[in-house]
Amino acid sequence: MNTLLIKGCHILTMVEKERPWVGDILIADGRIAKLAPVIEASASTVLPAKDMVAMPGLVNAHNHASMSLLRAFSDDLKLMDWLDKKMLPAEARMTPEDVYWGTMLGIAEMIASGTTAFADMYVHMDAVAEAVRDSGIRASLTRGLIFLQDDGGRRMTEALDLIDKWSGAADGRITTMLGPHAPYTCPPQPLKEVVDLARSRRIPLHIHLAETREEVEKIREKYDQTPTEYLQELGTFHENHVLLAHAVHLSLEDIGRLRGMRGGVAHNPVSNLKLGCGIAPVAELLAQGVTVGLGTDGAGSATTLDMFAEIKAASWMQKLHYGDPTVLPAEQVLRMATIESARLLGIDHEVGTLATGKRADLILLDLKKPHLAPLHDLHSLVAYSATGADVDTTIVNGEVLMRDRKLQTISWEDVYRQATERAKRLVAGL
Ligand SMILES: N[C@@H](CCSC[C@H]1O[C@@H](n2cnc3c(=O)[nH]cnc32)[C@H](O)[C@@H]1O)C(=O)O
Ligand SMILES: [Zn+2]
């Protein structure tokens with residue numbers, strides 16, 4: 001049996017209210033076999049981890065990984081222009097091979113910055129699934145469904161094929177969802193069909209919601225409803241597990257509509273900041289018991305897939321919004337990036353905290369750096385001072401995907417060459 005023993009690290013289990021402590025972690029058969037102050041066991045590999053902190057891998061609850069190919073291609077535009085005039089035309093040129101290498105670029109960045117699982121919505125999802133399989137990361141995959149022109153059911157067929165072919169694949173690292181893109185790209189009839197199908201087949205849903213003021217106005221003009229009301233009236237929240245991306249523009253009634261929902265909200269603060277969308281009412285959602293996790297959105301908007309940037313932005317935006325520095329404290333925002341995001345992906349029974357029997361999805365951060373010394377409060381240090389570049393080791397399902405900042409399962413040279421060459425072709429003339 002393959003065993004891995006991590007020795008002498010600070011441990012942040014992210015189990016609620018548990019204080020950090022120093023100890024060893026034994027991993028066997030892809031799972032956490034034991035956590036204790038001292039473990040006297042022999043293991044096939046021993047990782048000395050003094051001055052490091054072990055914590056659950058970060059879970060990116062909303063992404064379009066292959067959009068990394070479009071990073072820094074068209075910034076400083078309004079969301080609707082950015083999407084219609086730049087992103088969608090470039091994406092229309094993407095082949096499955098482009099998406100494979102674009103996703104690999106995104107995954108390389110995620111592993112290198114401590115993300116061990118992500119929720120993705122995109123096209124050519126077989127290629128995304130292959131990249132997930134080959135790299136060793138964990139993901140919940142969704143074929144994004146835009147119903148603005150009739151395509152004879154092609155997109156829907158692709159969405160269902162993805163689910164049939166890949167659910168539970170790659171040692172269970174891959175799960176799937178159904179992904180109607182957004183209220184403004186999904187008219188009532190096709191949206192209701194997807195929502196009903198999701199309920200009858202017990203497939204989770206992943207959808208963008210109320211990202212911009214323009215969206216709210218559009219839905220008001222068309223249906224005389226808020227985007228959240230529009231989803232609710234079509235039965236979206238009835239029994240379904242729903243992963244809502246953004247949820248920036250919610251009325252008080254809308255927040256009430258989400259109370260008791262299964263699933264919750266993926267908050268993407270950096271994307272919201274940069275696209276000038278607004279500040280999601282995170283503290284109010286939490287007060288109503290809605291699960292809130294963190295995501296980056298695609299690198300086309302977020303500019304990086306570094307979840308440590310989202311952790312800081314999430315906490316600091318709420319403090320600014322409410323004029324109150326006690327809102328979203330360090331420990332809570334770290335839980336949002338780990339166990340709460342895992343809940344949104346429906347994998348919280350397997351990952352998201354460090355506990356015996358759970359899958360070994362964890363990261364080691366190197367604390368011996370000028371910006372991470374001295375150590376007073378570990379939650380604060382990790383949430384507010386650390387960056388993705390401080391991650392030394394990334395482990396998923398017990399497999400070491402990065403060690404000493406070197407990617408172990410991905411050839412960075414290949415990814416770099418493929419991604420840079422393909423990206424040029426995709427944006428030519430746009
Ligand atoms: N374009 C696909 C379906 C959508 S996949 C998911 C889509 O979400 C888009 N996307 C990325 N970021 C955002 C965002 O912030 N808001 C809305 N859509 C986004 C992304 O460009 C991608 O096209 C088709 O025609 O079949
Ligand atoms: Zn998105």
# chains A, B, ... in the order shown; residues from 1 in each chain; ligands from 1
>>> residues_near_ligand(ligand="ligand 1", cutoff="8 Å", atoms="only C-alpha atoms and all ligand atoms", output="ChimeraX atom specification")
/A:63-64,67,79,83,87-88,91-92,121-123,143-146,155,181-182,208,211,271-272,297-298,300-301
>>> write_last_selection(atoms="C-alpha atoms", output="CSV table (one decimal), in the first residue's frame")
chain,number,residue,atom,x,y,z
A,63,ASN,CA,-14.7,28.5,-13.1
A,64,HIS,CA,-14.3,28.4,-16.8
A,67,MET,CA,-10.8,30.8,-20.5
A,79,LEU,CA,-19.7,42.5,-19.1
A,83,LEU,CA,-19.0,38.5,-23.4
A,87,MET,CA,-15.3,36.0,-25.3
A,88,LEU,CA,-18.1,34.2,-27.2
A,91,GLU,CA,-14.7,30.6,-27.8
A,92,ALA,CA,-16.6,29.8,-31.0
A,121,MET,CA,-18.8,25.3,-16.9
A,122,TYR,CA,-17.7,25.3,-20.5
A,123,VAL,CA,-17.8,23.7,-24.0
A,143,ARG,CA,-21.7,21.8,-20.3
A,144,GLY,CA,-22.8,25.5,-20.4
A,145,LEU,CA,-26.2,25.8,-22.1
A,146,ILE,CA,-27.1,29.0,-23.9
A,155,ARG,CA,-26.0,21.3,-26.7
A,181,HIS,CA,-25.9,29.5,-18.4
A,182,ALA,CA,-27.9,32.4,-17.0
A,208,HIS,CA,-25.0,32.3,-13.3
A,211,GLU,CA,-24.3,39.3,-12.0
A,271,SER,CA,-14.4,39.1,-11.1
A,272,ASN,CA,-17.2,41.2,-9.6
A,297,ASP,CA,-14.9,32.7,-12.5
A,298,GLY,CA,-12.8,32.4,-15.6
A,300,GLY,CA,-10.7,36.1,-18.7
A,301,SER,CA,-12.5,38.2,-16.0
>>> residues_around(residues="segment 318-324 of chain A", least_positions_apart="3", cutoff="8 Å", atoms="only C-alpha atoms", output="MDAnalysis selection string")
chainID A and resid 279 281:283 314:315 327:328
>>> write_last_selection(atoms="N, CA and C atoms", output="CSV table (one decimal), in the first residue's frame")
chain,number,residue,atom,x,y,z
A,279,ILE,N,-21.3,44.5,-5.2
A,279,ILE,CA,-20.8,43.6,-4.1
A,279,ILE,C,-22.0,42.7,-3.7
A,281,PRO,N,-24.4,40.4,-1.5
A,281,PRO,CA,-24.8,40.6,-0.1
A,281,PRO,C,-24.5,39.3,0.7
A,282,VAL,N,-23.2,39.0,0.8
A,282,VAL,CA,-22.7,37.8,1.4
A,282,VAL,C,-23.2,37.7,2.9
A,283,ALA,N,-22.9,38.7,3.7
A,283,ALA,CA,-23.3,38.6,5.1
A,283,ALA,C,-24.8,38.4,5.3
A,314,ALA,N,-13.0,38.7,-0.8
A,314,ALA,CA,-14.3,38.4,-0.2
A,314,ALA,C,-14.4,39.1,1.2
A,315,SER,N,-13.4,38.9,2.0
A,315,SER,CA,-13.5,39.4,3.4
A,315,SER,C,-13.5,40.9,3.4
A,327,VAL,N,-17.0,41.9,10.1
A,327,VAL,CA,-17.7,41.0,9.2
A,327,VAL,C,-16.7,40.1,8.5
A,328,LEU,N,-17.2,38.9,8.2
A,328,LEU,CA,-16.4,37.8,7.5
A,328,LEU,C,-14.9,37.7,8.0
>>> residues_around(residues="segment 231-235 of chain A", least_positions_apart="4", cutoff="9 Å", atoms="only C-alpha atoms", output="ChimeraX atom specification")
/A:183,188-189,191-192,195-196,209,226-227,239-240,257-258
>>> write_last_selection(atoms="N, CA and C atoms", output="short mmCIF file (atom, residue, chain, number, x, y, z; two decimals), in the first residue's frame")
data_model
loop_
_atom_site.label_atom_id
_atom_site.label_comp_id
_atom_site.auth_asym_id
_atom_site.auth_seq_id
_atom_site.Cartn_x
_atom_site.Cartn_y
_atom_site.Cartn_z
N PRO A 183 -30.09 33.46 -16.50
CA PRO A 183 -31.47 33.85 -16.83
C PRO A 183 -31.57 34.56 -18.18
N PRO A 188 -37.79 30.85 -20.77
CA PRO A 188 -38.52 30.00 -19.82
C PRO A 188 -38.66 28.54 -20.22
N GLN A 189 -39.04 28.30 -21.48
CA GLN A 189 -39.35 26.90 -21.80
C GLN A 189 -38.14 25.96 -21.74
N LEU A 191 -35.40 26.46 -20.19
CA LEU A 191 -34.88 26.45 -18.82
C LEU A 191 -35.70 25.51 -17.93
N LYS A 192 -37.02 25.58 -18.09
CA LYS A 192 -37.88 24.73 -17.27
C LYS A 192 -37.62 23.25 -17.58
N VAL A 195 -34.46 22.28 -15.76
CA VAL A 195 -34.69 22.25 -14.32
C VAL A 195 -35.48 21.00 -13.92
N ASP A 196 -36.49 20.67 -14.71
CA ASP A 196 -37.31 19.48 -14.41
C ASP A 196 -36.52 18.19 -14.59
N LEU A 209 -26.22 33.88 -11.89
CA LEU A 209 -27.44 34.61 -11.47
C LEU A 209 -27.12 36.03 -11.05
N THR A 226 -37.54 39.73 -10.89
CA THR A 226 -36.09 39.77 -10.66
C THR A 226 -35.53 38.45 -11.21
N PRO A 227 -34.23 38.41 -11.51
CA PRO A 227 -33.65 37.14 -12.00
C PRO A 227 -33.89 35.98 -11.03
N GLU A 239 -36.46 21.24 -4.70
CA GLU A 239 -35.74 19.96 -4.54
C GLU A 239 -34.35 19.93 -5.16
N ASN A 240 -34.08 20.77 -6.16
CA ASN A 240 -32.78 20.70 -6.84
C ASN A 240 -31.64 21.23 -5.97
N ARG A 257 -36.01 34.29 -0.85
CA ARG A 257 -36.32 33.20 -1.79
C ARG A 257 -35.26 32.10 -1.73
N LEU A 258 -34.04 32.47 -1.37
CA LEU A 258 -32.95 31.48 -1.35
C LEU A 258 -32.84 30.74 -0.01
#
>>> closest_residue(among="A:Ala129, A:Cys186, A:Ala33, A:Met80", to="Phe147 of chain A", atoms="only C-alpha atoms")
A:Cys186
>>> closest_residue(among="A:Gly153, A:Pro187, A:Gly136, A:Pro48", to="Gly172 of chain A", atoms="only C-alpha atoms")
A:Gly136
>>> closest_residue(among="A:Ile11, A:Glu109, A:Tyr184, A:Leu70", to="Arg220 of chain A", atoms="only C-alpha atoms")
A:Tyr184
>>> residues_around(residues="Glu40 of chain A", least_positions_apart="3", cutoff="10 Å", atoms="only C-alpha atoms", output="VMD selection string")
chain A and resid 5 24 26 36 43
>>> atom_distance(atom1="atom CA of Ile347 of chain A", atom2="atom CA of Pro20 of chain A")
23.6 Å
>>> residues_around(residues="Gly114 of chain A", least_positions_apart="4", cutoff="7 Å", atoms="only C-alpha atoms", output="JSON, numbers by chain")
{"A": [57, 58, 110, 363, 388, 391, 394]}
>>> write_last_selection(atoms="C-alpha atoms", output="PDB file, in the first residue's frame")
ATOM      1  CA  GLY A  57      -7.044  22.076  -0.539  1.00  0.00           C
ATOM      2  CA  LEU A  58      -8.995  25.104  -1.743  1.00  0.00           C
ATOM      3  CA  MET A 110      -4.795  25.966  -9.766  1.00  0.00           C
ATOM      4  CA  ILE A 363      -1.935  21.583   0.662  1.00  0.00           C
ATOM      5  CA  GLY A 388      -0.961  31.119  -4.049  1.00  0.00           C
ATOM      6  CA  VAL A 391       1.904  26.805  -1.627  1.00  0.00           C
ATOM      7  CA  THR A 394      -0.497  20.064  -3.392  1.00  0.00           C
TER       8      THR A 394
END
>>> closest_residue(among="A:Gly352, A:Pro329, A:Gly264, A:Gly295", to="ligand 2", atoms="only C-alpha atoms and all ligand atoms")
A:Gly295
>>> select_by_dssp(residues="segment 228-326 of chain A", states="strand (DSSP E or B)", output="JSON, numbers by chain")
{"A": [241, 242, 243, 244, 245, 246, 262, 263, 264, 265, 266, 267, 291, 292, 293, 294]}
>>> write_last_selection(atoms="N, CA and C atoms", output="short mmCIF file (atom, residue, chain, number, x, y, z; two decimals), in the first residue's frame")
data_model
loop_
_atom_site.label_atom_id
_atom_site.label_comp_id
_atom_site.auth_asym_id
_atom_site.auth_seq_id
_atom_site.Cartn_x
_atom_site.Cartn_y
_atom_site.Cartn_z
N HIS A 241 -30.47 20.62 -6.12
CA HIS A 241 -29.23 21.20 -5.60
C HIS A 241 -28.77 22.20 -6.66
N VAL A 242 -28.67 23.48 -6.28
CA VAL A 242 -28.33 24.51 -7.28
C VAL A 242 -27.09 25.29 -6.85
N LEU A 243 -26.12 25.35 -7.76
CA LEU A 243 -24.92 26.16 -7.55
C LEU A 243 -25.12 27.46 -8.31
N LEU A 244 -25.32 28.55 -7.56
CA LEU A 244 -25.59 29.86 -8.15
C LEU A 244 -24.30 30.67 -8.19
N ALA A 245 -23.86 31.05 -9.39
CA ALA A 245 -22.65 31.86 -9.49
C ALA A 245 -23.03 33.33 -9.44
N HIS A 246 -22.32 34.08 -8.63
CA HIS A 246 -22.43 35.54 -8.48
C HIS A 246 -23.50 35.98 -7.48
N ARG A 262 -31.24 24.09 -1.44
CA ARG A 262 -30.14 23.11 -1.46
C ARG A 262 -29.07 23.65 -2.40
N GLY A 263 -27.81 23.51 -2.02
CA GLY A 263 -26.75 24.14 -2.80
C GLY A 263 -26.44 25.48 -2.18
N GLY A 264 -26.28 26.52 -3.00
CA GLY A 264 -25.98 27.84 -2.45
C GLY A 264 -25.30 28.72 -3.48
N VAL A 265 -24.55 29.70 -2.98
CA VAL A 265 -23.98 30.74 -3.83
C VAL A 265 -22.46 30.61 -3.92
N ALA A 266 -21.94 30.66 -5.15
CA ALA A 266 -20.50 30.79 -5.35
C ALA A 266 -20.20 32.27 -5.56
N HIS A 267 -19.55 32.86 -4.59
CA HIS A 267 -19.21 34.29 -4.61
C HIS A 267 -17.87 34.44 -5.34
N THR A 291 -25.71 28.68 2.09
CA THR A 291 -24.30 28.32 1.97
C THR A 291 -23.63 29.25 0.96
N VAL A 292 -22.49 29.83 1.34
CA VAL A 292 -21.74 30.67 0.41
C VAL A 292 -20.31 30.15 0.31
N GLY A 293 -19.90 29.79 -0.90
CA GLY A 293 -18.52 29.38 -1.15
C GLY A 293 -17.84 30.42 -2.02
N LEU A 294 -16.59 30.13 -2.42
CA LEU A 294 -15.83 31.09 -3.21
C LEU A 294 -15.37 30.49 -4.52
#
>>> select_by_dssp(residues="segment 172-240 of chain A", states="alpha helix (DSSP H)", output="ChimeraX atom specification")
/A:188-201,213-223,227-233
>>> write_last_selection(atoms="C-alpha atoms", output="tab-separated table (two decimals), in the first residue's frame")
chain	number	residue	atom	x	y	z
A	188	PRO	CA	-38.52	30.00	-19.82
A	189	GLN	CA	-39.35	26.90	-21.80
A	190	PRO	CA	-35.89	25.36	-22.31
A	191	LEU	CA	-34.88	26.45	-18.82
A	192	LYS	CA	-37.88	24.73	-17.27
A	193	GLU	CA	-37.10	21.56	-19.22
A	194	VAL	CA	-33.53	21.49	-17.87
A	195	VAL	CA	-34.69	22.25	-14.32
A	196	ASP	CA	-37.31	19.48	-14.41
A	197	LEU	CA	-34.87	17.01	-15.90
A	198	ALA	CA	-32.32	17.84	-13.20
A	199	ARG	CA	-34.95	17.15	-10.54
A	200	SER	CA	-36.13	13.87	-11.99
A	201	ARG	CA	-32.59	12.57	-12.53
A	213	ARG	CA	-27.57	45.58	-13.14
A	214	GLU	CA	-28.16	45.17	-16.90
A	215	GLU	CA	-29.25	41.59	-16.29
A	216	VAL	CA	-31.75	42.74	-13.67
A	217	GLU	CA	-33.14	45.35	-16.08
A	218	LYS	CA	-33.35	42.87	-18.97
A	219	ILE	CA	-35.27	40.31	-16.94
A	220	ARG	CA	-37.52	43.04	-15.53
A	221	GLU	CA	-38.40	44.22	-19.09
A	222	LYS	CA	-39.02	40.72	-20.41
A	223	TYR	CA	-40.80	39.03	-17.51
A	227	PRO	CA	-33.65	37.14	-12.00
A	228	THR	CA	-33.99	35.20	-8.74
A	229	GLU	CA	-37.79	35.33	-8.94
A	230	TYR	CA	-37.57	34.16	-12.56
A	231	LEU	CA	-35.60	31.08	-11.51
A	232	GLN	CA	-37.86	30.42	-8.55
A	233	GLU	CA	-41.09	30.65	-10.60
>>> decode(residues="segment 93-124 of chain A", atoms="N, CA and C atoms", output="short mmCIF file (atom, residue, chain, number, x, y, z; two decimals), in the first residue's frame")
data_model
loop_
_atom_site.label_atom_id
_atom_site.label_comp_id
_atom_site.auth_asym_id
_atom_site.auth_seq_id
_atom_site.Cartn_x
_atom_site.Cartn_y
_atom_site.Cartn_z
N ARG A 93 -14.28 29.70 -31.84
CA ARG A 93 -13.16 29.16 -32.64
C ARG A 93 -12.46 28.00 -31.94
N MET A 94 -12.76 27.78 -30.68
CA MET A 94 -12.00 26.79 -29.92
C MET A 94 -12.31 25.37 -30.37
N THR A 95 -11.27 24.60 -30.63
CA THR A 95 -11.41 23.17 -30.92
C THR A 95 -11.30 22.41 -29.59
N PRO A 96 -11.67 21.14 -29.59
CA PRO A 96 -11.47 20.35 -28.36
C PRO A 96 -10.01 20.37 -27.90
N GLU A 97 -9.06 20.38 -28.85
CA GLU A 97 -7.64 20.41 -28.45
C GLU A 97 -7.30 21.73 -27.76
N ASP A 98 -7.85 22.84 -28.28
CA ASP A 98 -7.62 24.14 -27.62
C ASP A 98 -8.13 24.09 -26.18
N VAL A 99 -9.34 23.52 -26.02
CA VAL A 99 -9.95 23.48 -24.68
C VAL A 99 -9.12 22.57 -23.76
N TYR A 100 -8.59 21.47 -24.30
CA TYR A 100 -7.75 20.60 -23.48
C TYR A 100 -6.55 21.38 -22.94
N TRP A 101 -5.87 22.09 -23.82
CA TRP A 101 -4.65 22.79 -23.38
C TRP A 101 -4.98 24.04 -22.56
N GLY A 102 -6.10 24.69 -22.89
CA GLY A 102 -6.53 25.84 -22.09
C GLY A 102 -6.87 25.40 -20.67
N THR A 103 -7.57 24.26 -20.57
CA THR A 103 -7.92 23.74 -19.25
C THR A 103 -6.66 23.32 -18.50
N MET A 104 -5.72 22.71 -19.21
CA MET A 104 -4.44 22.32 -18.57
C MET A 104 -3.72 23.54 -18.02
N LEU A 105 -3.76 24.65 -18.77
CA LEU A 105 -3.14 25.89 -18.29
C LEU A 105 -3.83 26.32 -16.98
N GLY A 106 -5.16 26.28 -16.99
CA GLY A 106 -5.91 26.64 -15.79
C GLY A 106 -5.60 25.69 -14.63
N ILE A 107 -5.53 24.41 -14.92
CA ILE A 107 -5.27 23.42 -13.86
C ILE A 107 -3.85 23.60 -13.31
N ALA A 108 -2.90 23.86 -14.21
CA ALA A 108 -1.51 24.08 -13.74
C ALA A 108 -1.50 25.24 -12.74
N GLU A 109 -2.21 26.31 -13.08
CA GLU A 109 -2.26 27.46 -12.17
C GLU A 109 -2.97 27.10 -10.87
N MET A 110 -4.05 26.34 -10.98
CA MET A 110 -4.79 25.97 -9.77
C MET A 110 -3.94 25.11 -8.84
N ILE A 111 -3.30 24.08 -9.38
CA ILE A 111 -2.47 23.21 -8.53
C ILE A 111 -1.35 24.03 -7.90
N ALA A 112 -0.78 24.94 -8.70
CA ALA A 112 0.35 25.74 -8.20
C ALA A 112 -0.08 26.76 -7.15
N SER A 113 -1.37 27.05 -7.07
CA SER A 113 -1.84 28.02 -6.06
C SER A 113 -2.76 27.37 -5.03
N GLY A 114 -2.71 26.04 -4.92
CA GLY A 114 -3.36 25.36 -3.80
C GLY A 114 -4.81 24.96 -3.99
N THR A 115 -5.31 25.00 -5.22
CA THR A 115 -6.68 24.55 -5.46
C THR A 115 -6.66 23.06 -5.81
N THR A 116 -7.51 22.29 -5.14
CA THR A 116 -7.52 20.84 -5.37
C THR A 116 -8.81 20.37 -6.03
N ALA A 117 -9.82 21.24 -6.11
CA ALA A 117 -11.07 20.87 -6.80
C ALA A 117 -11.70 22.14 -7.36
N PHE A 118 -12.42 21.99 -8.48
CA PHE A 118 -13.09 23.16 -9.05
C PHE A 118 -14.37 22.75 -9.75
N ALA A 119 -15.29 23.72 -9.84
CA ALA A 119 -16.52 23.54 -10.61
C ALA A 119 -16.34 24.29 -11.91
N ASP A 120 -16.56 23.62 -13.03
CA ASP A 120 -16.32 24.23 -14.33
C ASP A 120 -17.55 24.20 -15.20
N MET A 121 -17.77 25.28 -15.94
CA MET A 121 -18.84 25.32 -16.94
C MET A 121 -18.22 25.79 -18.25
N TYR A 122 -18.29 24.92 -19.27
CA TYR A 122 -17.67 25.34 -20.53
C TYR A 122 -18.20 24.52 -21.70
N VAL A 123 -17.45 24.53 -22.81
CA VAL A 123 -17.80 23.74 -24.01
C VAL A 123 -16.71 22.71 -24.25
N HIS A 124 -16.95 21.77 -25.15
CA HIS A 124 -16.01 20.66 -25.42
C HIS A 124 -15.59 19.99 -24.11
#
